[in-house]
Amino acid sequence: MQKKVEFVAKTQEEAMDIAVEKLHISADKIFINVLGELPEGLNCEALVDVNLTLEGKKYLEDILKTMNIGYQIEARSINNEEQIHYLVDTYENSLLIGVKGKTLDALQTLVRNLISSYTKEKVVTTLDIGGYKSNRAHQLEILATKTAKEVAKTKVEVKLQPMSAYERRVIHEKLSDWRDVYTESEGEGEDRAIIIKPRLKEENN
């Protein structure tokens with residue numbers, strides 16, 4: 001559900017001014033619905049009136065245009081915009097991805113913040129550039145499988161290198177159904193890492 005507020009205003013012009021102040025977005029993205037008249041003025045409902053998927057796409061386009069980077073953007077929404085996925089491809093993918101994907105993560109955070117400013121619902125918003133995340137996820141799944149087999153065989157836990165929340169989630173999900181091992185995260189911030197641990201026999205029973 002996109003954000004909305006109710007209030008009383010003397011005129012529709014004042015209603016729009018109040019709505020902009022309360023919703024913290026521009027007037028062109030707000031719809032004013034007059035619910036009725038009260039002794040003190042108009043009973044108004046202001047609703048955010050945007051297509052979340054398109055807003056995120058326009059936002060990314062503006063960033064890339066400002067950087068003078070040619071681009072292709074694929075935007076896809078699932079389940080009435082419960083999930084929104086963006087795939088960007090440019091001639092400057094490495095620049096936009098950054099070291100260990102940090103620039104990509106920053107851009108994704110910006111898009112997520114934009115989307116959340118329009119709605120009260122939790123929207124899963126992801127951004128991938130040049131297939132970096134999908135390729136990285138595949139590499140992590142291979143690493144997880146190989147390491148899990150080693151841990152299951154030797155019964156010795158293995159701590160992986162620190163990873164981002166997204167990368168850790170890939171590992172957790174890949175090994176979630178394994179009977180011989182389980183995963184835990186430890187550490188804080190950029191030092192947070194996954195440990196793959198062997199399950200004891202009694203834990204398997």
# chains A, B, ... in the order shown; residues from 1 in each chain; ligands from 1
>>> select_by_dssp(residues="segment 7-140 of chain A", states="strand (DSSP E or B)", output="PyMOL selection string")
chain A and resi 7-9+30-38+41-48+71-78+83-90+119+124-129
>>> residues_around(residues="Leu64 of chain A", least_positions_apart="3", cutoff="12 Å", atoms="only C-alpha atoms", output="PyMOL selection string")
chain A and resi 57-61+67-73+88-93+95-96+107
>>> residues_around(residues="Glu40 of chain A", least_positions_apart="5", cutoff="12 Å", atoms="only C-alpha atoms", output="PDB file with N, CA, C and O atoms, in the first residue's frame")
ATOM      1  N   PHE A   7      -6.088  14.848   6.526  1.00  0.00           N
ATOM      2  CA  PHE A   7      -5.964  16.120   7.234  1.00  0.00           C
ATOM      3  C   PHE A   7      -7.079  17.046   6.765  1.00  0.00           C
ATOM      4  O   PHE A   7      -7.831  16.730   5.842  1.00  0.00           O
ATOM      5  N   VAL A   8      -7.171  18.187   7.409  1.00  0.00           N
ATOM      6  CA  VAL A   8      -8.169  19.204   7.053  1.00  0.00           C
ATOM      7  C   VAL A   8      -7.450  20.423   6.486  1.00  0.00           C
ATOM      8  O   VAL A   8      -6.445  20.878   7.044  1.00  0.00           O
ATOM      9  N   ALA A   9      -7.964  20.937   5.375  1.00  0.00           N
ATOM     10  CA  ALA A   9      -7.380  22.128   4.741  1.00  0.00           C
ATOM     11  C   ALA A   9      -8.495  23.071   4.322  1.00  0.00           C
ATOM     12  O   ALA A   9      -9.623  22.648   4.053  1.00  0.00           O
ATOM     13  N   LYS A  10      -8.189  24.353   4.231  1.00  0.00           N
ATOM     14  CA  LYS A  10      -9.198  25.338   3.852  1.00  0.00           C
ATOM     15  C   LYS A  10      -9.493  25.303   2.359  1.00  0.00           C
ATOM     16  O   LYS A  10     -10.627  25.549   1.932  1.00  0.00           O
ATOM     17  N   THR A  11      -8.458  25.015   1.551  1.00  0.00           N
ATOM     18  CA  THR A  11      -8.628  24.961   0.097  1.00  0.00           C
ATOM     19  C   THR A  11      -7.839  23.772  -0.454  1.00  0.00           C
ATOM     20  O   THR A  11      -7.005  23.196   0.236  1.00  0.00           O
TER      21      THR A  11
END
>>> select_by_dssp(residues="segment 117-197 of chain A", states="alpha helix (DSSP H)", output="NGL selection string")
:A and (132-154 or 165-175)
>>> residues_around(residues="Ser26 of chain A", least_positions_apart="3", cutoff="10 Å", atoms="only C-alpha atoms", output="MDAnalysis selection string")
chainID A and resid 16:17 19:21 23 29:30 48
>>> write_last_selection(atoms="N, CA, C and O atoms", output="PDB file, in the first residue's frame")
ATOM      1  N   MET A  16      -2.701  20.587  -1.009  1.00  0.00           N
ATOM      2  CA  MET A  16      -1.513  20.076  -1.686  1.00  0.00           C
ATOM      3  C   MET A  16      -0.245  20.479  -0.939  1.00  0.00           C
ATOM      4  O   MET A  16       0.689  19.680  -0.798  1.00  0.00           O
ATOM      5  N   ASP A  17      -0.198  21.707  -0.453  1.00  0.00           N
ATOM      6  CA  ASP A  17       0.967  22.165   0.310  1.00  0.00           C
ATOM      7  C   ASP A  17       1.165  21.301   1.560  1.00  0.00           C
ATOM      8  O   ASP A  17       2.297  20.918   1.892  1.00  0.00           O
ATOM      9  N   ALA A  19       0.051  18.236   1.992  1.00  0.00           N
ATOM     10  CA  ALA A  19       0.398  16.874   1.571  1.00  0.00           C
ATOM     11  C   ALA A  19       1.878  16.753   1.253  1.00  0.00           C
ATOM     12  O   ALA A  19       2.536  15.774   1.626  1.00  0.00           O
ATOM     13  N   VAL A  20       2.414  17.746   0.543  1.00  0.00           N
ATOM     14  CA  VAL A  20       3.842  17.729   0.202  1.00  0.00           C
ATOM     15  C   VAL A  20       4.693  17.724   1.462  1.00  0.00           C
ATOM     16  O   VAL A  20       5.687  16.993   1.570  1.00  0.00           O
ATOM     17  N   GLU A  21       4.285  18.526   2.437  1.00  0.00           N
ATOM     18  CA  GLU A  21       5.032  18.612   3.695  1.00  0.00           C
ATOM     19  C   GLU A  21       4.964  17.306   4.482  1.00  0.00           C
ATOM     20  O   GLU A  21       5.956  16.857   5.050  1.00  0.00           O
ATOM     21  N   LEU A  23       4.119  14.152   3.312  1.00  0.00           N
ATOM     22  CA  LEU A  23       4.598  12.965   2.610  1.00  0.00           C
ATOM     23  C   LEU A  23       6.057  13.085   2.160  1.00  0.00           C
ATOM     24  O   LEU A  23       6.671  12.092   1.778  1.00  0.00           O
ATOM     25  N   LYS A  29       3.497  13.847  -7.689  1.00  0.00           N
ATOM     26  CA  LYS A  29       3.367  12.435  -7.338  1.00  0.00           C
ATOM     27  C   LYS A  29       2.303  12.214  -6.266  1.00  0.00           C
ATOM     28  O   LYS A  29       2.246  11.151  -5.643  1.00  0.00           O
ATOM     29  N   ILE A  30       1.452  13.227  -6.066  1.00  0.00           N
ATOM     30  CA  ILE A  30       0.429  13.162  -5.025  1.00  0.00           C
ATOM     31  C   ILE A  30      -0.962  13.356  -5.628  1.00  0.00           C
ATOM     32  O   ILE A  30      -1.157  14.215  -6.490  1.00  0.00           O
ATOM     33  N   VAL A  48      -0.015   8.856  -2.285  1.00  0.00           N
ATOM     34  CA  VAL A  48       1.106   8.790  -3.222  1.00  0.00           C
ATOM     35  C   VAL A  48       0.607   8.103  -4.491  1.00  0.00           C
ATOM     36  O   VAL A  48       0.035   7.014  -4.438  1.00  0.00           O
TER      37      VAL A  48
END
>>> residues_around(residues="Gln108 of chain A", least_positions_apart="6", cutoff="8 Å", atoms="only C-alpha atoms", output="VMD selection string")
chain A and resid 125 to 127
>>> write_last_selection(atoms="C-alpha atoms", output="compact mmCIF listing (two decimals), in the first residue's frame")
# COMPACT_ATOMS: atom_id res chain seq x y z
CA THR A 125 14.18 -4.28 -4.30
CA THR A 126 17.29 -5.63 -6.01
CA LEU A 127 19.75 -4.21 -8.51
>>> residues_around(residues="Val5 of chain A", least_positions_apart="3", cutoff="10 Å", atoms="only C-alpha atoms", output="list in words")
Ile18, Ala19, Lys22, Leu23, Ile32, Cys44, Glu45, Ala46, Leu47 and Val48 of chain A
>>> write_last_selection(atoms="C-alpha atoms", output="short mmCIF file (atom, residue, chain, number, x, y, z; two decimals), in the first residue's frame")
data_model
loop_
_atom_site.label_atom_id
_atom_site.label_comp_id
_atom_site.auth_asym_id
_atom_site.auth_seq_id
_atom_site.Cartn_x
_atom_site.Cartn_y
_atom_site.Cartn_z
CA ILE A 18 0.14 20.18 3.44
CA ALA A 19 0.40 16.87 1.57
CA LYS A 22 3.60 15.47 5.29
CA LEU A 23 4.60 12.97 2.61
CA ILE A 32 -5.69 14.72 -3.35
CA CYS A 44 -8.75 15.56 2.61
CA GLU A 45 -6.92 12.37 1.89
CA ALA A 46 -3.56 12.61 0.11
CA LEU A 47 -2.22 9.52 -1.59
CA VAL A 48 1.11 8.79 -3.22
#
>>> residues_around(residues="segment 160-176 of chain A", least_positions_apart="3", cutoff="12 Å", atoms="only C-alpha atoms", output="JSON, numbers by chain")
{"A": [100, 101, 102, 104, 105, 106, 108, 126, 127, 128, 132, 133, 134, 135, 136, 137, 138, 139, 140, 141, 142, 143, 144, 145, 146, 147, 148, 149, 151, 152, 157, 179, 180, 181, 182, 183, 184, 185, 186, 187, 188, 189, 190, 191, 192, 193, 194, 195, 196, 197, 198]}
>>> atom_distance(atom1="atom CA of Leu52 of chain A", atom2="atom CA of Lys4 of chain A")
14.7 Å
>>> atom_distance(atom1="atom CA of Gly56 of chain A", atom2="atom CA of His24 of chain A")
16.8 Å
>>> atom_distance(atom1="atom CA of Ile97 of chain A", atom2="atom CA of Thr109 of chain A")
13.1 Å
